[in-house]
$ cat coords20.cif   # mmCIF, C-alpha atoms and all ligand atoms
data_my_file
loop_
_atom_site.label_atom_id
_atom_site.label_comp_id
_atom_site.auth_asym_id
_atom_site.auth_seq_id
_atom_site.Cartn_x
_atom_site.Cartn_y
_atom_site.Cartn_z
CA MET Q 1 -24.62 -96.23 132.84
CA THR Q 2 -27.63 -96.16 130.57
CA VAL Q 3 -27.55 -98.50 127.60
CA MET Q 4 -28.41 -96.79 124.32
CA ILE Q 5 -30.73 -99.13 122.39
CA ASP Q 6 -29.36 -98.69 118.90
CA GLY Q 7 -32.34 -99.12 116.58
CA LYS Q 8 -30.31 -98.28 113.51
CA THR Q 9 -27.78 -101.11 113.96
CA LEU Q 10 -30.50 -103.60 114.89
CA ALA Q 11 -32.55 -102.50 111.87
CA ASP Q 12 -29.51 -103.05 109.61
CA GLU Q 13 -29.18 -106.58 111.01
CA ILE Q 14 -32.85 -107.33 110.37
CA VAL Q 15 -32.66 -105.99 106.80
CA GLN Q 16 -29.56 -108.14 106.15
CA HIS Q 17 -31.42 -111.23 107.38
CA VAL Q 18 -34.45 -110.35 105.26
CA ALA Q 19 -32.19 -109.87 102.21
CA GLN Q 20 -30.70 -113.37 102.72
CA ASP Q 21 -34.16 -114.90 103.08
CA VAL Q 22 -35.40 -112.98 100.04
CA SER Q 23 -32.52 -114.44 97.96
CA ALA Q 24 -33.47 -117.95 99.08
CA PHE Q 25 -37.14 -117.23 98.36
CA LYS Q 26 -36.34 -116.04 94.84
CA LEU Q 27 -34.26 -119.14 94.09
CA LYS Q 28 -36.99 -121.45 95.38
CA HIS Q 29 -40.06 -119.77 93.89
CA LYS Q 30 -38.63 -117.80 90.93
CA VAL Q 31 -40.67 -114.89 92.29
CA THR Q 32 -39.49 -111.59 93.82
CA PRO Q 33 -41.61 -110.53 96.81
CA ALA Q 34 -43.05 -107.12 96.00
CA LEU Q 35 -44.24 -104.22 98.16
CA ALA Q 36 -46.61 -101.64 96.67
CA VAL Q 37 -46.52 -98.26 98.42
CA VAL Q 38 -49.24 -95.72 97.74
CA LEU Q 39 -48.74 -92.05 98.56
CA VAL Q 40 -51.58 -89.59 98.06
CA GLY Q 41 -50.75 -85.89 97.99
CA GLU Q 42 -47.67 -83.83 98.78
CA ASP Q 43 -47.25 -84.04 102.58
CA PRO Q 44 -43.47 -83.52 103.02
CA ALA Q 45 -43.08 -85.83 106.06
CA SER Q 46 -45.01 -88.62 104.31
CA GLY Q 47 -42.80 -88.09 101.24
CA VAL Q 48 -39.67 -88.64 103.38
CA TYR Q 49 -41.14 -91.79 104.99
CA VAL Q 50 -42.08 -93.22 101.59
CA ARG Q 51 -38.63 -92.53 100.11
CA ASN Q 52 -36.97 -94.26 103.10
CA LYS Q 53 -39.29 -97.23 102.76
CA ILE Q 54 -38.55 -97.57 99.04
CA LYS Q 55 -34.79 -97.35 99.67
CA ARG Q 56 -34.96 -100.11 102.31
CA THR Q 57 -37.20 -102.25 100.07
CA GLU Q 58 -34.55 -102.17 97.36
CA GLN Q 59 -31.74 -102.88 99.86
CA SER Q 60 -33.69 -105.94 101.02
CA GLY Q 61 -33.86 -107.34 97.48
CA LEU Q 62 -37.63 -106.89 97.44
CA GLN Q 63 -39.37 -105.34 94.46
CA SER Q 64 -40.68 -101.86 95.11
CA ILE Q 65 -43.77 -100.57 93.32
CA ALA Q 66 -44.60 -96.93 94.02
CA HIS Q 67 -47.89 -95.22 93.23
CA TYR Q 68 -47.81 -91.44 93.64
CA LEU Q 69 -51.34 -90.06 93.41
CA PRO Q 70 -52.31 -86.38 93.30
CA GLU Q 71 -53.87 -84.59 96.30
CA ASN Q 72 -57.27 -84.45 94.53
CA THR Q 73 -57.51 -88.25 94.06
CA THR Q 74 -61.08 -89.36 94.74
CA GLN Q 75 -62.10 -92.12 97.14
CA SER Q 76 -63.31 -94.28 94.26
CA GLU Q 77 -60.01 -93.84 92.36
CA LEU Q 78 -58.10 -94.92 95.48
CA ASP Q 79 -60.50 -97.84 96.08
CA GLU Q 80 -59.98 -98.93 92.48
CA LEU Q 81 -56.18 -98.91 92.80
CA ILE Q 82 -56.32 -100.93 96.03
CA ASP Q 83 -58.68 -103.42 94.41
CA GLN Q 84 -56.27 -103.79 91.49
CA LEU Q 85 -53.29 -104.32 93.86
CA ASN Q 86 -55.32 -106.84 95.90
CA ARG Q 87 -55.94 -108.89 92.75
CA ASP Q 88 -52.40 -108.57 91.32
CA GLU Q 89 -50.56 -111.83 92.17
CA SER Q 90 -47.17 -110.20 91.65
CA VAL Q 91 -47.86 -107.81 94.58
CA HIS Q 92 -47.43 -109.38 98.03
CA GLY Q 93 -47.66 -106.37 100.36
CA ILE Q 94 -49.69 -103.14 100.14
CA LEU Q 95 -49.00 -100.04 102.21
CA VAL Q 96 -51.03 -96.85 101.89
CA GLN Q 97 -49.07 -94.07 103.59
CA LEU Q 98 -51.10 -92.33 106.33
CA PRO Q 99 -52.31 -89.72 107.00
CA LEU Q 100 -54.46 -89.36 103.90
CA PRO Q 101 -55.81 -85.99 102.69
CA ALA Q 102 -58.89 -85.09 104.74
CA HIS Q 103 -61.45 -85.91 102.00
CA LEU Q 104 -60.38 -89.58 101.97
CA SER Q 105 -61.51 -92.15 104.55
CA GLU Q 106 -58.66 -93.93 106.35
CA PRO Q 107 -60.85 -96.67 107.89
CA ARG Q 108 -62.29 -97.44 104.45
CA VAL Q 109 -58.80 -97.70 102.94
CA ILE Q 110 -57.52 -99.87 105.81
CA GLU Q 111 -60.47 -102.24 105.37
CA ALA Q 112 -60.11 -102.31 101.59
CA ILE Q 113 -56.62 -103.87 101.70
CA THR Q 114 -56.87 -107.66 101.67
CA PRO Q 115 -55.67 -108.92 105.10
CA VAL Q 116 -53.02 -111.24 103.57
CA LYS Q 117 -51.28 -108.24 101.95
CA ASP Q 118 -51.84 -105.89 104.90
CA VAL Q 119 -48.15 -105.42 105.83
CA ASP Q 120 -49.05 -102.55 108.20
CA GLY Q 121 -51.26 -104.95 110.19
CA PHE Q 122 -54.07 -102.37 110.53
CA HIS Q 123 -56.98 -104.37 108.99
CA PRO Q 124 -59.63 -105.24 111.63
CA GLU Q 125 -59.22 -108.96 110.81
CA ASN Q 126 -55.49 -108.74 111.60
CA VAL Q 127 -56.16 -106.63 114.70
CA GLY Q 128 -58.55 -109.36 115.91
CA LYS Q 129 -55.90 -112.02 115.33
CA LEU Q 130 -53.30 -109.98 117.21
CA VAL Q 131 -55.61 -109.50 120.18
CA THR Q 132 -56.47 -113.21 120.29
CA GLY Q 133 -52.81 -114.24 119.97
CA GLN Q 134 -53.03 -115.84 116.51
CA PRO Q 135 -50.16 -115.67 113.97
CA VAL Q 136 -50.56 -112.42 112.05
CA LEU Q 137 -48.82 -109.53 110.29
CA VAL Q 138 -48.02 -107.40 113.36
CA PRO Q 139 -48.00 -103.58 112.95
CA CYS Q 140 -44.43 -102.52 112.19
CA THR Q 141 -43.75 -99.93 114.92
CA PRO Q 142 -45.09 -102.11 117.78
CA LEU Q 143 -43.17 -105.11 116.39
CA GLY Q 144 -39.97 -103.05 116.31
CA CYS Q 145 -40.52 -101.99 119.93
CA ILE Q 146 -40.99 -105.56 121.14
CA ILE Q 147 -37.92 -106.80 119.25
CA MET Q 148 -35.84 -104.06 120.91
CA LEU Q 149 -37.22 -104.85 124.37
CA LYS Q 150 -36.58 -108.59 123.96
CA ARG Q 151 -33.00 -107.88 122.87
CA GLN Q 152 -32.49 -105.63 125.86
CA MET Q 153 -34.16 -107.63 128.62
CA ASP Q 154 -33.69 -111.36 129.22
CA ASP Q 155 -37.28 -111.87 130.26
CA LEU Q 156 -40.25 -109.51 130.07
CA SER Q 157 -42.43 -111.84 132.15
CA GLY Q 158 -44.01 -110.20 135.20
CA LYS Q 159 -42.64 -106.74 134.42
CA HIS Q 160 -44.97 -103.78 134.78
CA ALA Q 161 -45.16 -102.13 131.34
CA VAL Q 162 -46.79 -98.72 131.04
CA VAL Q 163 -47.75 -97.58 127.54
CA ILE Q 164 -48.57 -93.88 127.13
CA GLY Q 165 -50.92 -93.46 124.15
CA ARG Q 166 -53.84 -95.62 122.97
CA SER Q 167 -53.86 -95.16 119.20
CA ASN Q 168 -54.89 -98.09 117.02
CA ILE Q 169 -51.58 -98.05 115.16
CA VAL Q 170 -49.14 -97.77 118.06
CA GLY Q 171 -50.39 -97.77 121.68
CA LYS Q 172 -53.03 -100.54 121.54
CA PRO Q 173 -50.98 -103.06 119.52
CA ILE Q 174 -47.90 -102.47 121.69
CA ALA Q 175 -50.01 -103.10 124.80
CA ASN Q 176 -51.26 -106.38 123.29
CA LEU Q 177 -47.76 -107.54 122.40
CA LEU Q 178 -46.51 -106.73 125.91
CA LEU Q 179 -49.42 -108.71 127.34
CA GLN Q 180 -48.47 -111.67 125.14
CA ALA Q 181 -44.94 -111.36 126.54
CA ASP Q 182 -46.48 -111.83 130.03
CA CYS Q 183 -46.03 -108.24 131.18
CA THR Q 184 -48.58 -106.60 133.46
CA VAL Q 185 -49.75 -103.79 131.21
CA THR Q 186 -51.17 -100.37 132.01
CA LEU Q 187 -52.33 -98.20 129.10
CA VAL Q 188 -52.57 -94.49 129.90
CA HIS Q 189 -53.88 -91.60 127.80
CA SER Q 190 -54.97 -87.99 127.86
CA ARG Q 191 -57.81 -88.64 130.34
CA THR Q 192 -55.73 -90.70 132.77
CA GLN Q 193 -55.43 -89.34 136.29
CA ASN Q 194 -52.12 -89.60 138.19
CA ILE Q 195 -50.20 -90.39 135.02
CA GLU Q 196 -46.84 -89.51 136.59
CA GLU Q 197 -47.47 -91.79 139.55
CA ILE Q 198 -48.46 -94.69 137.28
CA CYS Q 199 -45.36 -94.17 135.15
CA ARG Q 200 -43.19 -94.20 138.28
CA SER Q 201 -44.20 -97.82 138.88
CA ALA Q 202 -43.12 -98.94 135.40
CA ASP Q 203 -40.28 -101.38 134.75
CA ILE Q 204 -40.85 -100.73 131.04
CA LEU Q 205 -42.17 -97.43 129.73
CA VAL Q 206 -43.31 -97.00 126.13
CA ALA Q 207 -44.14 -93.41 125.16
CA ALA Q 208 -46.28 -93.06 122.02
CA VAL Q 209 -47.91 -89.69 122.53
CA GLY Q 210 -46.71 -87.04 120.09
CA GLN Q 211 -45.87 -84.51 122.86
CA PRO Q 212 -42.25 -83.33 122.72
CA LEU Q 213 -40.14 -84.16 125.81
CA MET Q 214 -43.22 -84.84 127.94
CA VAL Q 215 -41.83 -87.64 130.12
CA LYS Q 216 -39.51 -86.16 132.74
CA GLU Q 217 -36.96 -87.63 135.12
CA HIS Q 218 -39.31 -87.52 138.13
CA TRP Q 219 -41.83 -89.71 136.21
CA LEU Q 220 -39.44 -92.66 136.24
CA LYS Q 221 -38.34 -95.41 138.60
CA PRO Q 222 -34.57 -96.06 138.69
CA GLY Q 223 -33.66 -98.91 136.31
CA VAL Q 224 -36.59 -98.46 133.93
CA VAL Q 225 -36.24 -99.40 130.24
CA VAL Q 226 -37.69 -96.69 128.02
CA ILE Q 227 -38.89 -97.02 124.44
CA ASP Q 228 -39.58 -93.61 122.94
CA VAL Q 229 -41.85 -93.89 119.89
CA GLY Q 230 -42.55 -90.17 119.58
CA ILE Q 231 -41.25 -88.18 116.64
CA ASN Q 232 -41.72 -84.45 117.17
CA GLN Q 233 -40.19 -81.50 115.37
CA ILE Q 234 -39.24 -78.61 117.62
CA SER Q 235 -37.38 -75.39 117.04
CA LEU Q 236 -34.22 -75.05 119.14
CA ASP Q 237 -31.88 -72.06 118.83
CA GLY Q 238 -33.57 -71.23 115.55
CA LYS Q 239 -32.91 -74.72 114.18
CA ARG Q 240 -35.38 -77.53 113.57
CA LYS Q 241 -34.70 -80.61 115.65
CA LEU Q 242 -36.35 -84.03 116.02
CA VAL Q 243 -37.12 -85.10 119.58
CA GLY Q 244 -39.11 -87.87 121.20
CA ASP Q 245 -41.85 -87.84 123.83
CA VAL Q 246 -39.21 -88.39 126.53
CA ASP Q 247 -36.86 -85.71 127.85
CA PHE Q 248 -33.90 -87.83 126.73
CA ASN Q 249 -31.01 -85.93 128.37
CA GLY Q 250 -33.01 -85.30 131.53
CA VAL Q 251 -33.92 -88.94 132.21
CA LEU Q 252 -30.57 -90.68 131.67
CA SER Q 253 -29.76 -90.75 135.40
CA LYS Q 254 -32.82 -93.01 135.92
CA THR Q 255 -32.92 -95.29 132.90
CA ALA Q 256 -31.24 -98.69 132.54
CA ALA Q 257 -31.74 -98.45 128.78
CA ILE Q 258 -33.42 -96.06 126.35
CA THR Q 259 -34.03 -95.63 122.63
CA PRO Q 260 -32.75 -92.38 121.12
CA VAL Q 261 -34.77 -90.17 118.76
CA PRO Q 262 -33.78 -90.28 115.96
CA GLY Q 263 -32.09 -93.65 115.58
CA GLY Q 264 -34.33 -95.77 117.82
CA VAL Q 265 -37.84 -96.90 116.91
CA GLY Q 266 -37.93 -95.16 113.48
CA PRO Q 267 -35.41 -97.39 111.66
CA MET Q 268 -36.89 -100.50 113.31
CA THR Q 269 -40.35 -99.65 111.93
CA ILE Q 270 -39.05 -99.75 108.36
CA ALA Q 271 -37.00 -102.92 108.95
CA CYS Q 272 -40.13 -104.64 110.30
CA LEU Q 273 -42.03 -103.56 107.20
CA MET Q 274 -39.45 -105.47 105.12
CA GLN Q 275 -39.85 -108.50 107.36
CA ASN Q 276 -43.65 -108.31 107.05
CA THR Q 277 -43.48 -108.08 103.25
CA LEU Q 278 -41.39 -111.25 103.10
CA THR Q 279 -43.71 -112.99 105.60
CA ALA Q 280 -46.75 -111.98 103.51
CA ALA Q 281 -45.12 -113.36 100.34
CA GLN Q 282 -44.20 -116.62 102.13
CA HIS Q 283 -47.80 -117.09 103.27
CA GLN Q 284 -49.19 -116.30 99.83
CA LEU Q 285 -46.90 -118.91 98.26
CA GLY Q 286 -47.80 -121.45 100.93
CA CYS Q 287 -44.47 -121.63 102.78
P1 LIG Q 301 -52.03 -90.34 118.11
O1 LIG Q 301 -52.13 -88.85 118.08
O2 LIG Q 301 -52.93 -91.16 117.26
O3 LIG Q 301 -52.22 -90.85 119.62
C1 LIG Q 301 -51.62 -90.17 120.68
C2 LIG Q 301 -52.04 -90.80 121.98
O4 LIG Q 301 -51.41 -90.07 123.04
C3 LIG Q 301 -53.53 -90.74 122.24
O5 LIG Q 301 -53.97 -91.95 122.79
C4 LIG Q 301 -53.69 -89.60 123.24
O6 LIG Q 301 -54.72 -89.79 124.17
C5 LIG Q 301 -52.37 -89.68 123.98
N1 LIG Q 301 -52.03 -88.38 124.55
C6 LIG Q 301 -51.95 -87.18 123.90
N2 LIG Q 301 -51.57 -86.22 124.75
C7 LIG Q 301 -51.42 -86.81 125.96
C8 LIG Q 301 -51.04 -86.35 127.24
N3 LIG Q 301 -50.74 -85.06 127.48
N4 LIG Q 301 -50.98 -87.25 128.25
C9 LIG Q 301 -51.27 -88.54 128.05
N5 LIG Q 301 -51.61 -89.04 126.86
C10 LIG Q 301 -51.69 -88.19 125.83
O7 LIG Q 301 -50.49 -90.67 117.82
P2 LIG Q 301 -49.78 -92.00 117.26
O8 LIG Q 301 -50.04 -93.12 118.19
O9 LIG Q 301 -50.06 -92.18 115.83
O10 LIG Q 301 -48.25 -91.55 117.38
C11 LIG Q 301 -47.67 -91.21 118.62
C12 LIG Q 301 -46.28 -90.68 118.37
O11 LIG Q 301 -45.48 -91.69 117.76
C13 LIG Q 301 -46.21 -89.48 117.42
O12 LIG Q 301 -45.15 -88.63 117.83
C14 LIG Q 301 -45.84 -90.12 116.08
O13 LIG Q 301 -45.16 -89.22 115.24
C15 LIG Q 301 -44.94 -91.22 116.54
N6 LIG Q 301 -44.84 -92.36 115.63
C16 LIG Q 301 -43.59 -92.84 115.39
C17 LIG Q 301 -43.41 -93.91 114.58
C18 LIG Q 301 -42.04 -94.42 114.38
O14 LIG Q 301 -41.80 -95.17 113.45
N7 LIG Q 301 -41.08 -94.06 115.24
C19 LIG Q 301 -44.54 -94.57 113.89
C20 LIG Q 301 -45.83 -94.04 114.28
C21 LIG Q 301 -45.95 -92.95 115.11
P3 LIG Q 301 -56.30 -89.80 123.76
O15 LIG Q 301 -56.52 -91.12 123.08
O16 LIG Q 301 -56.99 -89.69 125.05
O17 LIG Q 301 -56.49 -88.63 122.83
#
$ encode --input "coords20.cif" --output "structure tokens"
Amino acid sequence: MTVMIDGKTLADEIVQHVAQDVSAFKLKHKVTPALAVVLVGEDPASGVYVRNKIKRTEQSGLQSIAHYLPENTTQSELDELIDQLNRDESVHGILVQLPLPAHLSEPRVIEAITPVKDVDGFHPENVGKLVTGQPVLVPCTPLGCIIMLKRQMDDLSGKHAVVIGRSNIVGKPIANLLLQADCTVTLVHSRTQNIEEICRSADILVAAVGQPLMVKEHWLKPGVVVIDVGINQISLDGKRKLVGDVDFNGVLSKTAAITPVPGGVGPMTIACLMQNTLTAAQHQLGC
């Protein structure tokens, strides 16, 4: 029987813990940790993500500061806002929702956020710390994946982990975290040859591709633990449906455990953002 890794319940637990720690933090420091979220433009999916993040921020007892900027915001206007948030001592975490409208530079925005408030963990300084194993704000989705894997498996040491996808925000940081957990890691991507064969040797498979239902039953070794990061909208029987990168129903005969989509990695990403905001505030106040 496959174990369903319930990201929603685990995320609720994490948010409850964060809320308790936030209460203690407020009593001790007479300060409420605050997360500033910046959304540029009208992208509907980004709007949903931002609303969910704000809701969770409030549930965690954190202060939520939202900046909704119009689609035609200029790079210098965005730079100016980030600079102001960097300098504002009452703001402890800054998140600029990606993707940005095409005329704005994402690398420039990522580098503009001061590393101590970079709750997404995307700043090159934080990436460098992650790669070299130093304490750091770890990107939220990869952190959520590792927490789920550690809950599911007693020991990750020596396991062969295959990560499909090499993006800076998901694939690469997950690979680094798995390496730190003493896995043997293989990172595969669109140019990889024999991808199915490589996946078949995985004890842990993380799919972060953005290709609906790509990973099939014959790609998997019996007993594999699968983390499906993908969020893809498909049309099924005339209805819109969210699916992952893994053919969920098709692979259940092979998996020891798997994350569903929705209800797996997604909720954990937001819970980890709450944890990172508290961690950022603790560091800024020297605890
Ligand atoms: P990117 O598009 O940035 O990266 C996709 C990666 O997949 C690339 O490395 C690409 O390879 C690789 N790839 C694409 N097609 C194939 C293929 N046919 N075979 C093998 N590899 C392939 O995506 P992200 O990393 O940002 O996101 C991945 C997925 O995760 C998306 O569905 C996204 O929506 C979801 N996501 C979910 C989150 C959550 O909270 N649950 C958070 C963030 C993302 P190459 O580099 O060679 O082009």
$ atom_distance --input "coords20.cif" --atom1 "CA of Pro222 in chain Q" --atom2 "CA of Leu252 in chain Q"
9.7 Å
$ closest_residue --input "coords20.cif" --among "Q:Pro101, Q:Pro142, Q:Pro115, Q:Gly93" --to "ligand LIG 301 (chain Q)" --atoms "only C-alpha atoms and all ligand atoms"
Q:Pro142
$ residues_near_ligand --input "coords20.cif" --ligand "ligand LIG 301 (chain Q)" --cutoff "8 Å" --atoms "all atoms listed in the file" --output "MDAnalysis selection string"
chainID Q and resid 140:141 164:171 188:192 195 207:212 214 228:232 244:245 264:270
$ closest_residue --input "coords20.cif" --among "Q:Ala112, Q:Leu98, Q:Lys221, Q:Gly47" --to "Ser76 in chain Q" --atoms "all atoms listed in the file"
Q:Ala112
$ closest_residue --input "coords20.cif" --among "Q:Met4, Q:Leu69, Q:Gln20, Q:Ile198" --to "Val225 in chain Q" --atoms "all atoms listed in the file"
Q:Met4
$ axis_aligned_box --input "coords20.cif" --around "range 253-262 of chain Q" --padding-each-side "3 Å" --output "lines of an AutoDock Vina configuration file"
center_x = -32.3
center_y = -94.4
center_z = 125.9
size_x = 11.0
size_y = 14.5
size_z = 26.0
$ atom_distance --input "coords20.cif" --atom1 "CA of Leu137 in chain Q" --atom2 "CA of Gly286 in chain Q"
15.2 Å
$ residues_around --input "coords20.cif" --residues "Tyr68 in chain Q" --least-positions-apart "2" --cutoff "12 Å" --atoms "all atoms listed in the file" --output "ChimeraX atom specification"
/Q:36-43,46-47,50-51,65-66,70-73,78,81,96-97
$ atom_distance --input "coords20.cif" --atom1 "CA of His283 in chain Q" --atom2 "CA of Val136 in chain Q"
10.3 Å
$ residues_around --input "coords20.cif" --residues "Gln16 in chain Q" --least-positions-apart "3" --cutoff "12 Å" --atoms "all atoms listed in the file" --output "PyMOL selection string"
chain Q and resi 9-13+19-23+56-62+271-272+274-275
$ residues_near_point --input "coords20.cif" --point "(-38.6, -97.8, 135.0)" --cutoff "10 Å" --atoms "all atoms listed in the file" --output "ChimeraX atom specification"
/Q:159-162,199-205,219-226,254-257
$ closest_residue --input "coords20.cif" --among "Q:Lys172, Q:Val48, Q:Ile113, Q:Gly144" --to "Arg87 in chain Q" --atoms "all atoms listed in the file"
Q:Ile113
$ residues_around --input "coords20.cif" --residues "Gln134 in chain Q" --least-positions-apart "3" --cutoff "12 Å" --atoms "all atoms listed in the file" --output "ChimeraX atom specification"
/Q:125-131,137-138,176-177,180
$ closest_residue --input "coords20.cif" --among "Q:Cys287, Q:Leu236, Q:Leu213, Q:Met153" --to "Val251 in chain Q" --atoms "all atoms listed in the file"
Q:Leu213
$ closest_residue --input "coords20.cif" --among "Q:Lys241, Q:Val18, Q:Thr184, Q:Gly250" --to "Val215 in chain Q" --atoms "all atoms listed in the file"
Q:Gly250
$ decode --input "coords20.cif" --residues "range 155-175 of chain Q" --atoms "N, CA and C atoms" --output "short mmCIF file (atom, residue, chain, number, x, y, z; two decimals), in the first residue's frame"
data_model
loop_
_atom_site.label_atom_id
_atom_site.label_comp_id
_atom_site.auth_asym_id
_atom_site.auth_seq_id
_atom_site.Cartn_x
_atom_site.Cartn_y
_atom_site.Cartn_z
N ASP Q 155 16.04 7.31 7.29
CA ASP Q 155 17.39 7.76 6.99
C ASP Q 155 17.53 7.90 5.47
N LEU Q 156 17.96 9.07 5.04
CA LEU Q 156 18.14 9.28 3.59
C LEU Q 156 19.55 8.86 3.13
N SER Q 157 20.41 8.62 4.11
CA SER Q 157 21.83 8.37 3.82
C SER Q 157 22.02 7.19 2.86
N GLY Q 158 22.80 7.43 1.82
CA GLY Q 158 23.14 6.37 0.87
C GLY Q 158 22.08 6.09 -0.18
N LYS Q 159 20.92 6.73 -0.06
CA LYS Q 159 19.86 6.49 -1.05
C LYS Q 159 20.22 7.18 -2.37
N HIS Q 160 19.79 6.58 -3.47
CA HIS Q 160 19.99 7.24 -4.76
C HIS Q 160 18.78 8.15 -5.02
N ALA Q 161 19.03 9.46 -5.04
CA ALA Q 161 17.95 10.42 -5.28
C ALA Q 161 18.10 10.98 -6.69
N VAL Q 162 17.05 10.87 -7.48
CA VAL Q 162 17.07 11.47 -8.82
C VAL Q 162 16.13 12.67 -8.81
N VAL Q 163 16.67 13.82 -9.23
CA VAL Q 163 15.87 15.04 -9.32
C VAL Q 163 15.68 15.35 -10.80
N ILE Q 164 14.44 15.45 -11.24
CA ILE Q 164 14.19 15.83 -12.64
C ILE Q 164 13.89 17.33 -12.66
N GLY Q 165 14.74 18.08 -13.35
CA GLY Q 165 14.61 19.54 -13.40
C GLY Q 165 15.79 20.19 -12.72
N ARG Q 166 16.36 21.23 -13.35
CA ARG Q 166 17.57 21.88 -12.81
C ARG Q 166 17.39 23.38 -12.67
N SER Q 167 16.17 23.81 -12.34
CA SER Q 167 15.97 25.26 -12.20
C SER Q 167 16.67 25.74 -10.93
N ASN Q 168 16.97 27.06 -10.92
CA ASN Q 168 17.64 27.64 -9.75
C ASN Q 168 16.74 27.62 -8.52
N ILE Q 169 15.41 27.67 -8.75
CA ILE Q 169 14.52 27.83 -7.59
C ILE Q 169 14.03 26.48 -7.03
N VAL Q 170 14.08 25.43 -7.84
CA VAL Q 170 13.60 24.14 -7.34
C VAL Q 170 14.68 23.05 -7.49
N GLY Q 171 14.97 22.64 -8.73
CA GLY Q 171 15.82 21.46 -8.95
C GLY Q 171 17.19 21.56 -8.29
N LYS Q 172 17.93 22.65 -8.54
CA LYS Q 172 19.30 22.73 -8.00
C LYS Q 172 19.31 22.77 -6.47
N PRO Q 173 18.48 23.62 -5.83
CA PRO Q 173 18.53 23.59 -4.36
C PRO Q 173 18.08 22.26 -3.76
N ILE Q 174 17.10 21.59 -4.38
CA ILE Q 174 16.71 20.28 -3.84
C ILE Q 174 17.89 19.32 -3.92
N ALA Q 175 18.58 19.33 -5.06
CA ALA Q 175 19.73 18.44 -5.23
C ALA Q 175 20.78 18.70 -4.14
#
